[in-house]
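Here is the file structure_17.cif (mmCIF, C-alpha atoms (C1' of nucleotides)).
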```
data_input
#
loop_
_atom_site.label_atom_id
_atom_site.label_comp_id
_atom_site.auth_asym_id
_atom_site.auth_seq_id
_atom_site.Cartn_x
_atom_site.Cartn_y
_atom_site.Cartn_z
CA MET S 1 -0.65 70.74 109.66
CA ALA S 2 1.49 71.69 112.61
CA GLN S 3 -1.01 72.44 115.40
CA LYS S 4 -4.62 72.07 116.50
CA ASN S 5 -5.85 75.65 116.46
CA ARG S 6 -8.29 75.16 119.26
CA LEU S 7 -8.36 78.91 119.74
CA LYS S 8 -10.52 79.02 116.63
CA TYR S 9 -13.21 76.96 118.34
CA ILE S 10 -13.05 79.01 121.51
CA ILE S 11 -13.64 82.12 119.47
CA LEU S 12 -16.53 80.48 117.63
CA GLY S 13 -18.06 79.37 120.92
CA LEU S 14 -17.76 82.78 122.50
CA LEU S 15 -19.16 84.56 119.46
CA ILE S 16 -22.08 82.16 119.13
CA ASP S 17 -22.96 83.05 122.68
CA ARG S 18 -22.82 86.74 121.90
CA PRO S 19 -21.42 88.87 119.04
CA GLN S 20 -18.38 90.72 120.29
CA THR S 21 -15.33 92.70 119.26
CA GLY S 22 -11.80 91.38 119.30
CA TYR S 23 -11.17 93.47 122.35
CA ASP S 24 -14.06 91.86 124.21
CA LEU S 25 -12.75 88.41 123.31
CA THR S 26 -9.31 89.35 124.55
CA LYS S 27 -10.76 90.30 127.90
CA SER S 28 -12.48 86.92 128.23
CA PHE S 29 -9.06 85.32 128.34
CA ASP S 30 -8.10 87.52 131.26
CA SER S 31 -11.13 86.55 133.30
CA ASP S 32 -13.22 83.37 133.30
CA ILE S 33 -11.80 81.41 130.39
CA GLY S 34 -8.32 82.47 131.41
CA GLU S 35 -8.46 79.78 134.10
CA PHE S 36 -7.55 77.17 131.56
CA TRP S 37 -6.71 78.88 128.27
CA SER S 38 -4.83 82.01 127.34
CA ALA S 39 -4.52 84.19 124.27
CA ASN S 40 -3.20 87.64 123.47
CA HIS S 41 -4.84 90.26 121.32
CA SER S 42 -1.96 89.96 118.87
CA GLN S 43 -3.05 86.40 118.24
CA ILE S 44 -6.76 87.13 118.20
CA TYR S 45 -6.99 89.99 115.71
CA PRO S 46 -5.18 88.26 112.85
CA LEU S 47 -7.13 85.07 113.54
CA LEU S 48 -10.43 86.93 113.36
CA ASN S 49 -9.41 88.21 109.96
CA ARG S 50 -8.43 84.77 108.73
CA MET S 51 -11.63 83.27 110.04
CA GLU S 52 -13.69 85.90 108.29
CA THR S 53 -11.85 85.26 105.03
CA ALA S 54 -12.55 81.57 105.53
CA GLY S 55 -16.25 82.35 105.82
CA LEU S 56 -16.65 81.35 109.45
CA LEU S 57 -17.27 84.87 110.71
CA GLN S 58 -18.71 88.17 109.59
CA HIS S 59 -18.63 91.59 111.18
CA ASP S 60 -20.63 94.77 111.26
CA GLN S 61 -19.42 98.15 112.34
CA VAL S 62 -20.51 99.92 115.44
CA GLN S 63 -19.98 103.64 115.70
CA VAL S 64 -18.65 104.80 119.06
CA GLY S 65 -18.26 108.48 119.80
CA GLU S 66 -17.07 110.72 117.00
CA LYS S 67 -14.59 108.69 115.02
CA LEU S 68 -14.06 105.26 116.49
CA VAL S 69 -15.63 102.34 114.68
CA LYS S 70 -15.67 98.97 116.43
CA LYS S 71 -15.82 95.68 114.55
CA ARG S 72 -18.44 93.45 116.04
CA TYR S 73 -17.96 89.87 114.92
CA SER S 74 -20.61 87.20 114.69
CA VAL S 75 -20.63 83.61 113.47
CA THR S 76 -21.94 82.55 110.07
CA ASP S 77 -23.91 79.36 109.45
CA THR S 78 -20.73 77.72 108.20
CA GLY S 79 -19.01 78.75 111.40
CA GLN S 80 -21.79 77.29 113.52
CA GLN S 81 -21.57 73.99 111.68
CA GLU S 82 -17.81 73.92 112.16
CA PHE S 83 -18.22 74.59 115.85
CA PHE S 84 -20.79 71.87 116.45
CA ARG S 85 -18.78 69.42 114.40
CA TRP S 86 -15.85 70.08 116.73
CA LEU S 87 -18.02 69.71 119.83
CA GLN S 88 -19.03 66.26 118.69
CA GLU S 89 -15.54 65.09 117.87
CA PRO S 90 -13.74 62.88 120.38
CA SER S 91 -11.34 64.75 122.69
CA PRO S 92 -8.12 62.80 123.10
CA LEU S 93 -6.15 63.38 126.30
CA ASP S 94 -3.43 65.98 126.04
CA ASN S 95 -1.37 66.92 129.03
CA ALA S 96 -0.85 70.46 127.79
CA HIS S 97 -4.48 71.50 127.32
CA ASP S 98 -7.64 69.69 128.30
CA GLU S 99 -9.88 69.90 125.27
CA PHE S 100 -12.76 68.23 127.03
CA LEU S 101 -12.94 71.00 129.64
CA LEU S 102 -12.97 73.49 126.83
CA LYS S 103 -15.96 71.84 125.22
CA LEU S 104 -17.72 71.52 128.53
CA TYR S 105 -17.46 75.26 128.93
CA PHE S 106 -19.66 75.72 125.90
CA VAL S 107 -22.24 73.10 126.74
CA LYS S 108 -25.44 74.65 127.95
CA ASP S 109 -27.90 72.19 129.44
CA GLN S 110 -29.88 71.75 126.21
CA HIS S 111 -27.37 69.33 124.62
CA ALA S 112 -27.81 66.90 127.48
CA ASP S 113 -27.61 63.92 125.15
CA LEU S 114 -24.28 65.02 123.71
CA LEU S 115 -23.02 65.69 127.21
CA ARG S 116 -23.65 62.11 128.22
CA VAL S 117 -21.64 60.76 125.29
CA MET S 118 -18.79 63.16 125.97
CA VAL S 119 -18.60 62.33 129.64
CA THR S 120 -18.69 58.60 129.05
CA GLU S 121 -15.90 58.84 126.54
CA GLN S 122 -13.71 60.93 128.83
CA LEU S 123 -14.42 58.66 131.74
CA ALA S 124 -13.05 55.71 129.78
CA LEU S 125 -9.93 57.62 128.78
CA HIS S 126 -9.18 58.82 132.29
CA GLN S 127 -9.91 55.46 133.83
CA ALA S 128 -7.46 53.86 131.40
CA LYS S 129 -4.84 56.44 132.26
CA LEU S 130 -5.41 55.91 135.95
CA ASP S 131 -4.90 52.17 135.55
CA ASN S 132 -1.75 52.82 133.59
CA LEU S 133 -0.39 55.16 136.25
CA ASN S 134 -1.11 52.68 138.98
CA ALA S 135 0.73 50.02 137.03
CA GLN S 136 3.69 52.39 136.64
CA LEU S 137 3.73 53.08 140.35
CA ALA S 138 3.78 49.39 141.18
CA ASP S 139 6.46 48.80 138.59
CA LYS S 140 8.86 51.63 139.44
CA PHE S 141 8.39 51.98 143.18
CA PRO S 142 7.77 48.55 144.63
CA THR S 143 9.78 49.26 147.82
CA THR S 144 9.77 52.22 150.20
CA GLN S 145 13.50 52.44 149.59
CA GLN S 146 12.96 53.47 145.98
CA GLN S 147 10.30 55.93 147.07
CA THR S 148 12.73 57.93 149.15
CA GLN S 149 15.54 57.62 146.65
CA SER S 150 13.63 59.42 143.89
CA TYR S 151 11.30 61.29 146.16
CA GLY S 152 10.29 63.92 143.60
CA HIS S 153 9.51 61.40 140.92
CA TYR S 154 7.53 59.33 143.39
CA GLN S 155 5.46 62.26 144.62
CA LEU S 156 4.85 63.24 141.05
CA LEU S 157 3.36 59.90 140.19
CA ARG S 158 1.26 60.04 143.32
CA HIS S 159 0.02 63.44 142.30
CA ALA S 160 -0.86 62.28 138.81
CA ILE S 161 -2.79 59.37 140.29
CA LEU S 162 -4.67 61.58 142.73
CA ARG S 163 -5.52 63.94 139.94
CA GLU S 164 -6.87 61.21 137.70
CA ARG S 165 -8.79 59.69 140.57
CA ASP S 166 -10.42 63.04 141.19
CA TYR S 167 -11.11 63.62 137.55
CA VAL S 168 -12.84 60.27 137.35
CA ALA S 169 -14.86 61.02 140.48
CA TRP S 170 -15.87 64.41 139.16
CA LEU S 171 -16.89 62.99 135.80
CA GLY S 172 -18.90 60.36 137.63
CA GLU S 173 -20.92 63.11 139.32
CA ILE S 174 -21.96 64.69 136.06
CA MET L 1 12.24 86.70 124.33
CA ALA L 2 9.16 84.89 123.13
CA GLN L 3 9.01 81.75 125.29
CA LYS L 4 10.30 80.03 128.41
CA ASN L 5 12.29 77.18 126.93
CA ARG L 6 11.65 74.87 129.80
CA LEU L 7 12.69 71.97 127.63
CA LYS L 8 16.24 73.20 128.10
CA TYR L 9 16.01 72.63 131.84
CA ILE L 10 14.44 69.22 131.45
CA ILE L 11 17.33 68.19 129.25
CA LEU L 12 19.83 69.56 131.74
CA GLY L 13 18.12 67.70 134.56
CA LEU L 14 18.03 64.42 132.69
CA LEU L 15 21.65 64.70 131.60
CA ILE L 16 22.88 65.62 135.07
CA ASP L 17 21.28 62.42 136.26
CA ARG L 18 23.02 60.42 133.57
CA PRO L 19 24.88 61.29 130.33
CA GLN L 20 22.76 60.19 127.40
CA THR L 21 22.27 60.48 123.66
CA GLY L 22 19.57 62.55 122.02
CA TYR L 23 17.77 59.33 121.22
CA ASP L 24 17.72 58.31 124.87
CA LEU L 25 16.31 61.68 125.85
CA THR L 26 13.62 61.37 123.21
CA LYS L 27 12.53 58.08 124.69
CA SER L 28 12.17 59.63 128.14
CA PHE L 29 9.39 61.77 126.77
CA ASP L 30 7.54 58.71 125.60
CA SER L 31 7.66 57.06 129.00
CA ASP L 32 7.83 58.55 132.49
CA ILE L 33 8.29 62.24 131.81
CA GLY L 34 5.76 62.03 129.01
CA GLU L 35 3.01 62.14 131.62
CA PHE L 36 3.33 65.86 131.83
CA TRP L 37 5.72 67.05 129.14
CA SER L 38 6.29 66.10 125.55
CA ALA L 39 9.01 66.68 122.98
CA ASN L 40 9.95 65.24 119.63
CA HIS L 41 13.37 64.27 118.46
CA SER L 42 13.17 67.01 115.84
CA GLN L 43 13.05 69.53 118.64
CA ILE L 44 15.65 67.83 120.80
CA TYR L 45 18.54 67.38 118.37
CA PRO L 46 18.79 71.03 117.28
CA LEU L 47 18.39 72.15 120.89
CA LEU L 48 21.25 69.90 122.00
CA ASN L 49 23.45 71.53 119.37
CA ARG L 50 22.45 75.02 120.48
CA MET L 51 23.00 74.17 124.11
CA GLU L 52 26.46 72.82 123.35
CA THR L 53 27.35 75.97 121.43
CA ALA L 54 26.13 77.97 124.41
CA GLY L 55 28.53 76.03 126.63
CA LEU L 56 25.90 74.22 128.69
CA LEU L 57 26.67 70.78 127.31
CA GLN L 58 29.53 68.77 125.88
CA HIS L 59 29.57 65.41 124.16
CA ASP L 60 31.89 62.51 123.59
CA GLN L 61 31.55 59.89 120.92
CA VAL L 62 30.72 56.28 121.55
CA GLN L 63 31.53 53.72 118.90
CA VAL L 64 28.77 51.19 118.32
CA GLY L 65 29.32 48.27 115.97
CA GLU L 66 31.28 48.94 112.78
CA LYS L 67 30.36 52.41 111.66
CA LEU L 68 27.81 54.02 113.93
CA VAL L 69 29.02 56.70 116.33
CA LYS L 70 26.65 57.89 119.05
CA LYS L 71 26.91 61.32 120.63
CA ARG L 72 26.71 61.04 124.38
CA TYR L 73 25.93 64.39 125.95
CA SER L 74 26.80 65.51 129.44
CA VAL L 75 26.40 68.76 131.35
CA THR L 76 29.21 71.25 131.87
CA ASP L 77 29.75 73.20 135.09
CA THR L 78 28.03 76.18 133.49
CA GLY L 79 25.10 73.96 132.63
CA GLN L 80 24.87 72.67 136.19
CA GLN L 81 24.84 76.20 137.54
CA GLU L 82 22.13 77.20 135.09
CA PHE L 83 20.04 74.20 136.11
CA PHE L 84 20.30 74.82 139.85
CA ARG L 85 19.61 78.50 139.35
CA TRP L 86 16.38 77.50 137.59
CA LEU L 87 15.45 75.04 140.34
CA GLN L 88 15.68 77.81 142.89
CA GLU L 89 13.65 80.30 140.90
CA PRO L 90 10.01 80.81 141.85
CA SER L 91 7.55 78.82 139.72
CA PRO L 92 4.58 80.98 138.81
CA LEU L 93 1.33 79.20 138.06
CA ASP L 94 0.72 78.46 134.43
CA ASN L 95 -2.34 76.58 133.30
CA ALA L 96 -0.58 75.08 130.29
CA HIS L 97 2.40 73.49 132.03
CA ASP L 98 3.04 73.05 135.71
CA GLU L 99 6.63 74.12 136.18
CA PHE L 100 6.63 73.15 139.82
CA LEU L 101 5.89 69.51 139.01
CA LEU L 102 8.74 69.59 136.57
CA LYS L 103 11.16 70.76 139.21
CA LEU L 104 9.84 68.26 141.69
CA TYR L 105 10.70 65.51 139.26
CA PHE L 106 14.35 66.42 139.55
CA VAL L 107 14.46 66.79 143.30
CA LYS L 108 16.17 63.86 144.94
CA ASP L 109 15.79 63.77 148.70
CA GLN L 110 19.12 65.47 149.38
CA HIS L 111 17.86 68.99 148.65
CA ALA L 112 15.32 68.70 151.42
CA ASP L 113 15.77 72.33 152.44
CA LEU L 114 15.05 73.61 148.94
CA LEU L 115 12.05 71.33 148.73
CA ARG L 116 10.52 72.93 151.78
CA VAL L 117 10.82 76.41 150.31
CA MET L 118 9.40 75.30 146.98
CA VAL L 119 6.42 73.56 148.53
CA THR L 120 5.61 76.47 150.80
CA GLU L 121 5.68 78.86 147.89
CA GLN L 122 3.43 76.69 145.74
CA LEU L 123 1.06 76.14 148.60
CA ALA L 124 0.57 79.89 148.92
CA LEU L 125 -0.03 80.28 145.19
CA HIS L 126 -2.54 77.47 144.99
CA GLN L 127 -4.33 78.55 148.14
CA ALA L 128 -4.70 82.03 146.68
CA LYS L 129 -6.05 80.59 143.46
CA LEU L 130 -8.47 78.40 145.36
CA ASP L 131 -9.78 81.41 147.26
CA ASN L 132 -10.15 83.29 144.01
CA LEU L 133 -12.07 80.44 142.39
CA ASN L 134 -14.39 80.14 145.35
CA ALA L 135 -15.08 83.84 145.12
CA GLN L 136 -15.84 83.47 141.42
CA LEU L 137 -18.23 80.64 142.10
CA ALA L 138 -20.10 82.66 144.69
CA ASP L 139 -20.15 85.64 142.36
CA LYS L 140 -21.29 83.97 139.15
CA PHE L 141 -23.51 81.18 140.41
CA PRO L 142 -25.31 82.39 143.48
CA THR L 143 -28.54 80.57 142.62
CA THR L 144 -29.18 77.00 141.47
CA GLN L 145 -31.01 78.52 138.53
CA GLN L 146 -27.80 79.93 137.13
CA GLN L 147 -26.05 76.64 137.77
CA THR L 148 -28.33 74.75 135.41
CA GLN L 149 -28.43 77.54 132.87
CA SER L 150 -24.69 77.41 132.21
CA TYR L 151 -24.19 73.87 133.35
CA GLY L 152 -20.86 73.35 131.60
CA HIS L 153 -19.36 76.54 132.91
CA TYR L 154 -20.57 75.71 136.39
CA GLN L 155 -19.14 72.20 136.37
CA LEU L 156 -15.89 73.59 135.05
CA LEU L 157 -15.52 75.95 137.96
CA ARG L 158 -16.36 73.12 140.33
CA HIS L 159 -13.70 71.02 138.69
CA ALA L 160 -11.10 73.74 138.98
CA ILE L 161 -11.95 74.12 142.65
CA LEU L 162 -11.72 70.40 143.33
CA ARG L 163 -8.42 70.29 141.55
CA GLU L 164 -6.94 73.14 143.54
CA ARG L 165 -8.28 71.70 146.76
CA ASP L 166 -6.54 68.43 145.95
CA TYR L 167 -3.38 70.13 144.93
CA VAL L 168 -3.30 71.96 148.24
CA ALA L 169 -3.95 68.74 150.14
CA TRP L 170 -1.23 66.94 148.25
CA LEU L 171 1.26 69.73 148.84
CA GLY L 172 0.36 69.63 152.50
CA GLU L 173 1.36 65.98 152.68
CA ILE L 174 4.84 66.62 151.38
"C1'" DC W 1 -6.81 118.39 130.13
"C1'" DG W 2 -4.81 114.32 131.46
"C1'" DG W 3 -4.72 109.49 132.42
"C1'" DA W 4 -6.82 104.95 132.36
"C1'" DG W 5 -8.65 101.97 129.55
"C1'" DC W 6 -10.85 101.02 124.84
"C1'" DA W 7 -9.73 99.40 120.26
"C1'" DT W 8 -6.97 97.45 116.45
"C1'" DG W 9 -3.36 96.29 114.27
"C1'" DT W 10 1.99 94.59 112.70
"C1'" DA W 11 6.77 92.64 113.44
"C1'" DA W 12 10.15 89.70 115.27
"C1'" DT W 13 11.11 85.64 117.44
"C1'" DT W 14 10.64 81.23 119.51
"C1'" DC W 15 8.16 76.96 120.35
"C1'" DG W 16 6.29 72.79 118.80
"C1'" DT W 17 4.35 69.45 115.38
"C1'" DT W 18 4.43 66.85 111.22
"C1'" DA W 19 6.78 65.28 107.48
"C1'" DC W 20 10.90 64.25 104.91
"C1'" DA W 21 15.35 61.91 104.80
"C1'" DT W 22 19.11 58.69 105.59
"C1'" DG W 23 21.68 55.02 107.36
"C1'" DA W 24 23.31 51.37 111.03
"C1'" DT W 25 22.49 47.59 114.30
"C1'" DT W 26 20.42 43.65 116.37
"C1'" DG W 27 17.79 39.70 116.74
"C1'" DT W 28 15.09 36.15 114.33
"C1'" DA F 1 17.38 38.65 104.47
"C1'" DC F 2 14.28 41.34 106.72
"C1'" DA F 3 12.01 43.79 110.23
"C1'" DA F 4 12.11 46.46 114.29
"C1'" DT F 5 14.28 49.86 116.35
"C1'" DC F 6 18.46 52.57 117.06
"C1'" DA F 7 20.40 57.01 115.77
"C1'" DT F 8 20.65 61.72 113.83
"C1'" DG F 9 19.47 65.14 111.37
"C1'" DT F 10 16.60 69.05 108.17
"C1'" DA F 11 12.39 71.50 106.31
"C1'" DA F 12 7.98 73.53 106.41
"C1'" DC F 13 4.49 75.31 108.87
"C1'" DG F 14 1.53 76.94 112.37
"C1'" DA F 15 0.99 78.53 117.23
"C1'" DA F 16 2.12 81.62 120.84
"C1'" DT F 17 4.72 85.35 123.21
"C1'" DT F 18 6.74 89.87 123.39
"C1'" DA F 19 7.39 94.18 121.71
"C1'" DC F 20 6.31 97.95 118.70
"C1'" DA F 21 2.82 101.20 117.12
"C1'" DT F 22 -1.23 104.21 116.76
"C1'" DG F 23 -5.32 106.54 117.87
"C1'" DC F 24 -9.93 107.25 120.40
"C1'" DT F 25 -13.14 107.77 124.39
"C1'" DC F 26 -14.68 108.57 128.83
"C1'" DC F 27 -14.43 110.19 133.31
"C1'" DG F 28 -12.88 113.14 136.84
#
```

Step by step, read the file and then write its structure as structure tokens.
Amino acid sequence: MAQKNRLKYIILGLLIDRPQTGYDLTKSFDSDIGEFWSANHSQIYPLLNRMETAGLLQHDQVQVGEKLVKKRYSVTDTGQQEFFRWLQEPSPLDNAHDEFLLKLYFVKDQHADLLRVMVTEQLALHQAKLDNLNAQLADKFPTTQQQTQSYGHYQLLRHAILRERDYVAWLGEI
Amino acid sequence: MAQKNRLKYIILGLLIDRPQTGYDLTKSFDSDIGEFWSANHSQIYPLLNRMETAGLLQHDQVQVGEKLVKKRYSVTDTGQQEFFRWLQEPSPLDNAHDEFLLKLYFVKDQHADLLRVMVTEQLALHQAKLDNLNAQLADKFPTTQQQTQSYGHYQLLRHAILRERDYVAWLGEI
DNA sequence: CGGAGCATGTAATTCGTTACATGATTGT
DNA sequence: ACAATCATGTAACGAATTACATGCTCCG
């Protein structure tokens, strides 16, 4: 089962918003969505094909100029179901990629009820992590002597704590 | 060239600190370093072998009990050079893994001069990113109407901005 | 007519996860 | 004795990056 394939859901989300070509999708990862997720065209094109074979997508052809034919992909009903199923799944913490942020990106204000559940769940996870980090800090760096001895490690823990604290505050605002 | 292989440098850093077995290294990723980087033993053992072949590591054997022989790895001079070369390289921003944090973890207070350079460089990068995000926010969400229409996207940008602002503040403290 | 960008692919390689596999040691 | 955990590997697979490859369109 190897990996999560979250790129699949990003593509579904983007295509639900608006049917696009693989090239258009690729550009999204260079601009807005690129802030927190990246993907190359060499990953996107084969995935689009696989997703179409799997019945999640379909495409029509758009004539451009004399010869060029673009493939404009859109999401099938099956694909929509898959996407919304994913949106409603819990999003466990993962220090490589924040899946919650990804989902948030696709939430328009209409699913306000789902949003509340999602935020509450994340809040609990981040609060737990924050508590854990604070415990670690107290455990590993009880004296100022140890703080200067492993300065980098100490600052790192402080940074992680600040980050979680902010995350919790930000979630609280939503 | 495919990927960065930053795991290699983490292993070098951990082994410079203290010679250890592959099993010990694996445990590090479940505790402190696991906050921001992960690795499985199935990735570590083959990498240790490759790194030894490449002349970065060496190991001696430690007898435990009757039959079991542990491999305790340590870093060669070549490996040390490679590690410090990496430490001194610039650390470009990467939204998947923060390479700067990784380096910071290995900085004991003695390299205070290097630390200053590293922090200054990161500060510039994050400040630039913060400016860019602020510009995006002004560009994409000039009215409150657009903020509620793509609520998730809006909150996401806000989150990114808060995060960068905090990162900059934290760097400033160091 | 030339160059920047549009548009779509494949190939090679590495990274990373999950699962499979085996055996020794230590403490209860 | 038996369970937890120490200790070291391999195999299979999917994800992600880099490089290779080709052709079209639009604008100046």

Output as CSV one row per residue of chain F within 8 Å of chain S: the closest atom pair and its distance in Å to one decimal place, counting only C-alpha atoms (C1' of nucleotides), sorted by chain and residue number ascending.
```
residue,atom,partner,partner_atom,distance
F:DC13,C1',S:Ala2,CA,6.0
F:DG14,C1',S:Ala2,CA,5.3
F:DA15,C1',S:Gln3,CA,6.7
F:DA16,C1',S:Gln43,CA,7.5
F:DC24,C1',S:Leu68,CA,6.0
F:DT25,C1',S:Gly65,CA,6.9
```

Test item: residues at most 10 Å from Asp60 in chain L, only C-alpha atoms (C1' of nucleotides), excluding those fewer than 2 positions along its chain, as a ChimeraX atom specification: /L:19,21,58,62-63,69-74

Counting all atoms listed in the file, chain W residues within 9 Å of chain S, as JSON, numbers by chain: {"W": [6, 7, 8, 9, 10, 16, 17, 18]}

Interface, chain L side, toward chain S (9 Å; all atoms listed in the file) as a VMD selection string: chain L and resid 32 34 to 38 94 to 97 101 to 109 136 148 to 160 162 to 163 166 to 167 170 174

Could you tell me, as a compact mmCIF listing (two decimals) with C-alpha atoms (C1' of nucleotides), in the frame of the given file, exactly which residues end up selected when the PyMOL selection byres ((chain F and resi 11) around 10) is applied to this structure?
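The new file out_5.txt reads:
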```txt
# COMPACT_ATOMS: atom_id res chain seq x y z
C1' DA W 19 6.78 65.28 107.48
C1' DC W 20 10.90 64.25 104.91
C1' DT F 10 16.60 69.05 108.17
C1' DA F 12 7.98 73.53 106.41
C1' DC F 13 4.49 75.31 108.87
```

Axis-aligned box for range 135-150 of chain L, 4 Å per side, centre and edges in Å as JSON:
```
{"center_x": -23.0, "center_y": 80.2, "center_z": 138.7, "size_x": 23.9, "size_y": 18.9, "size_z": 20.9}
```

Evaluate the PyMOL selection byres ((chain L and resi 11) around 10) and report residues as a list in words: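 Checking the PyMOL selection byres ((chain L and resi 11) around 10) against this file, the residues are Arg6, Leu7, Lys8, Tyr9, Ile10, Leu12, Gly13, Leu14, Leu15, Ile16, Asp17, Gln20, Gly22, Leu25, Thr26, Ile44, Leu47, Leu48, Met51, Leu57, Tyr73, Ser74, Val75 and Phe83 of chain L.
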
Computed interatomic separation between CA of Asn132 in chain S and CA of Ser28 in chain L (Å):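 CA of Ser28 in chain L lies 16.4 Å from CA of Asn132 in chain S.
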